[in-house]
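Structure file work.tsv (TSV, C-alpha atoms) is printed below.
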chain	number	residue	atom	x	y	z
A	1	MET	CA	18.66	19.54	19.88
A	2	GLY	CA	22.27	19.59	21.03
A	3	ARG	CA	25.07	19.82	18.47
A	4	ASN	CA	23.18	18.60	15.43
A	5	ASN	CA	23.24	20.83	12.37
A	6	PHE	CA	19.87	21.03	10.65
A	7	ARG	CA	20.63	23.97	8.32
A	8	GLN	CA	20.41	21.84	5.18
A	9	VAL	CA	17.04	20.26	5.93
A	10	SER	CA	14.74	20.96	3.00
A	11	PHE	CA	11.92	18.48	3.70
A	12	LEU	CA	9.97	17.77	6.87
A	13	VAL	CA	7.64	14.78	6.77
A	14	LEU	CA	5.15	14.24	9.58
A	15	ASP	CA	3.62	10.82	9.00
A	16	GLU	CA	0.65	9.87	11.18
A	17	ALA	CA	0.56	13.39	12.57
A	18	ASP	CA	-2.74	12.71	14.33
A	19	ARG	CA	-1.22	9.77	16.23
A	20	MET	CA	1.89	11.77	17.15
A	21	LEU	CA	-0.32	14.48	18.63
A	22	ASP	CA	-2.49	11.90	20.42
A	23	MET	CA	0.68	10.47	21.96
A	24	GLY	CA	1.73	13.89	23.22
A	25	PHE	CA	4.53	14.75	20.78
A	26	GLU	CA	3.38	18.28	19.91
A	27	LEU	CA	6.20	19.92	21.90
A	28	GLN	CA	8.84	17.74	20.21
A	29	ILE	CA	7.39	18.49	16.77
A	30	ARG	CA	7.51	22.22	17.47
A	31	LYS	CA	11.11	21.96	18.77
A	32	ILE	CA	12.19	20.25	15.56
A	33	VAL	CA	10.41	22.87	13.44
A	34	ASN	CA	12.17	25.64	15.36
A	35	VAL	CA	15.67	24.35	14.48
A	36	ILE	CA	15.17	23.60	10.79
A	37	PRO	CA	15.08	26.22	8.04
A	38	PRO	CA	11.73	27.95	7.54
A	39	ARG	CA	12.16	27.63	3.76
A	40	ARG	CA	11.36	23.95	3.44
A	41	GLN	CA	8.67	21.67	2.12
A	42	THR	CA	6.55	20.18	4.88
A	43	LEU	CA	4.34	17.15	4.29
A	44	MET	CA	1.76	16.03	6.85
A	45	TYR	CA	0.00	12.70	6.54
A	46	THR	CA	-2.94	11.98	8.79
A	47	ALA	CA	-5.83	9.54	8.77
A	48	THR	CA	-8.08	11.96	10.63
A	49	TRP	CA	-8.43	15.73	10.59
A	50	PRO	CA	-9.29	16.74	14.17
A	51	MET	CA	-8.96	20.29	15.48
A	52	GLU	CA	-5.49	19.60	17.02
A	53	VAL	CA	-4.13	18.52	13.64
A	54	ARG	CA	-5.71	21.52	11.91
A	55	LYS	CA	-4.15	23.86	14.48
A	56	ILE	CA	-0.62	22.51	14.15
A	57	ALA	CA	-1.02	22.41	10.35
A	58	GLY	CA	-1.99	26.09	10.44
A	59	ASP	CA	1.06	26.87	12.58
A	60	LEU	CA	3.60	24.85	10.57
A	61	LEU	CA	2.49	25.05	6.95
A	62	VAL	CA	2.82	27.98	4.55
A	63	SER	CA	0.34	28.06	1.64
A	64	PRO	CA	-0.77	24.47	2.27
A	65	VAL	CA	-2.42	22.24	-0.28
A	66	GLN	CA	-4.81	19.72	1.22
A	67	VAL	CA	-5.41	16.39	-0.53
A	68	ASN	CA	-8.33	14.35	0.78
A	69	ILE	CA	-9.14	10.75	0.02
A	70	GLY	CA	-12.70	9.83	0.88
A	71	ARG	CA	-15.07	11.93	2.91
A	72	LEU	CA	-13.89	14.50	5.43
A	73	ASP	CA	-16.78	14.01	7.85
A	74	GLU	CA	-16.30	10.29	8.43
A	75	LEU	CA	-13.83	7.49	7.90
A	76	VAL	CA	-15.15	4.93	5.44
A	77	ALA	CA	-13.53	1.59	4.75
A	78	ASN	CA	-13.30	0.10	1.28
A	79	ASN	CA	-16.22	-2.35	0.98
A	80	SER	CA	-14.30	-4.71	-1.30
A	81	ILE	CA	-11.69	-5.44	1.37
A	82	THR	CA	-12.31	-7.86	4.21
A	83	LEU	CA	-10.46	-6.79	7.31
A	84	TYR	CA	-9.52	-9.23	10.05
A	85	VAL	CA	-7.87	-7.91	13.16
A	86	GLU	CA	-6.26	-10.33	15.54
A	87	VAL	CA	-4.50	-9.16	18.67
A	88	VAL	CA	-1.77	-11.62	19.57
A	89	SER	CA	0.64	-11.63	22.49
A	90	GLN	CA	4.25	-10.91	21.61
A	91	THR	CA	5.27	-14.46	22.48
A	92	ASP	CA	2.71	-15.91	20.05
A	93	GLU	CA	3.28	-13.50	17.12
A	94	GLN	CA	5.66	-15.64	15.12
A	95	ARG	CA	3.72	-18.87	15.67
A	96	ARG	CA	0.38	-17.27	14.72
A	97	LEU	CA	1.81	-15.56	11.64
A	98	GLU	CA	3.23	-18.87	10.48
A	99	GLN	CA	-0.18	-20.55	11.00
A	100	ILE	CA	-1.99	-17.88	8.99
A	101	LEU	CA	0.48	-17.93	6.11
A	102	ARG	CA	0.63	-21.70	5.93
A	103	SER	CA	-3.20	-21.89	5.88
A	104	GLN	CA	-3.40	-19.79	2.72
A	105	GLU	CA	-2.89	-21.19	-0.74
A	106	ARG	CA	0.07	-19.60	-2.46
A	107	GLY	CA	-0.99	-16.66	-4.61
A	108	ASN	CA	-4.67	-16.57	-3.58
A	109	GLU	CA	-4.53	-14.01	-0.81
A	110	ASP	CA	-2.77	-10.73	-0.19
A	111	HIS	CA	-1.76	-9.94	3.35
A	112	LEU	CA	-0.81	-6.71	5.04
A	113	LEU	CA	1.16	-6.97	8.25
A	114	PHE	CA	1.11	-4.15	10.76
A	115	HIS	CA	2.87	-3.78	14.06
A	116	GLU	CA	3.27	-0.67	16.17
A	117	GLU	CA	7.04	-0.89	15.69
A	118	ALA	CA	8.28	-0.57	12.10
A	119	PHE	CA	11.29	-2.81	12.81
A	120	VAL	CA	9.01	-5.66	13.94
A	121	THR	CA	6.83	-5.21	10.86
A	122	SER	CA	9.95	-5.56	8.68
A	123	LEU	CA	10.97	-8.73	10.53
A	124	LEU	CA	7.47	-10.19	10.19
A	125	ALA	CA	7.45	-9.40	6.47
A	126	ALA	CA	10.83	-11.09	6.03
A	127	LEU	CA	9.56	-14.10	7.96
A	128	ALA	CA	6.46	-14.23	5.76
A	129	VAL	CA	8.61	-14.25	2.62
A	130	LEU	CA	10.79	-17.00	4.03
A	131	LEU	CA	7.79	-19.12	5.01
A	132	VAL	CA	6.38	-18.85	1.50
A	133	LEU	CA	9.70	-19.43	-0.27
A	134	LEU	CA	11.23	-22.02	2.05
A	135	PRO	CA	9.32	-25.05	0.71
A	136	PHE	CA	10.29	-24.14	-2.86
A	137	LEU	CA	13.91	-23.47	-1.94
A	138	GLU	CA	14.08	-26.70	0.02
A	139	THR	CA	12.75	-28.72	-2.93
A	140	SER	CA	15.17	-27.03	-5.32
A	141	LEU	CA	18.12	-27.65	-3.02
A	142	ARG	CA	17.18	-31.31	-2.52
A	143	ARG	CA	17.15	-31.81	-6.29
A	144	LYS	CA	20.72	-30.54	-6.29
A	145	GLY	CA	21.63	-32.92	-3.45
A	146	ILE	CA	21.80	-30.22	-0.78
A	147	THR	CA	20.00	-30.92	2.48
A	148	PHE	CA	19.77	-28.96	5.68
Show me this structure written as structure tokens.
Amino acid sequence: MGRNNFRQVSFLVLDEADRMLDMGFELQIRKIVNVIPPRRQTLMYTATWPMEVRKIAGDLLVSPVQVNIGRLDELVANNSITLYVEVVSQTDEQRRLEQILRSQERGNEDHLLFHEEAFVTSLLAALAVLLVLLPFLETSLRRKGITF
């Protein structure tokens, strides 16, 4: 961990711990834990509870409290939500997102955008907001005599 000083760390958050372990980051997680103070609050978020996650939780957590949403023995989706998954090439992402958003009537649908990179998700969300707001902004600006 080089010259970094982690003595004041009081919280450790492991989000998507199951995915981090699946991707082979157990060694890195353990290295981080070894350089931060043992007196800290550690939060682990995981969609699944496989043996690997249980083992690392047992190693890293002191007096853990487990909060479960849904059943432990199977993942169950909310029946009132319709899920559409569309895998799109990187070059078509922006065009396809624009098509989807423009096809929806304003205010009728909620959309969740996910991308494996948080930065790209943020950009897509910003683009979505712009696509929804742009027609209204353009109309407002035209009324004021401003065109672009």
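Shortest atom-to-atom contact with Lys55 (chain A) among A:Ile100, A:Glu116, A:Gln8, A:Leu21: A:Leu21, counting only C-alpha atoms.
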message: Between A:Ile81, A:Asn5, A:Glu52, A:Leu43, which residue has the minimum interatomic distance to Gly24 (chain A), considering all atoms listed in the file?
response: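 Of A:Ile81, A:Asn5, A:Glu52, A:Leu43, the one nearest Gly24 (chain A), counting all atoms listed in the file, is A:Glu52.
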query: Which residues come within 12 Å of Met20 (chain A), counting all atoms listed in the file, excluding same-chain residues fewer than 2 positions away, as a PyMOL selection string?
result: chain A and resi 14-18+22-30+44-48+52-53+56
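The interatomic distance for the pair CA of Ile36 (chain A) and CA of Ala57 (chain A) works out to 16.2 Å.
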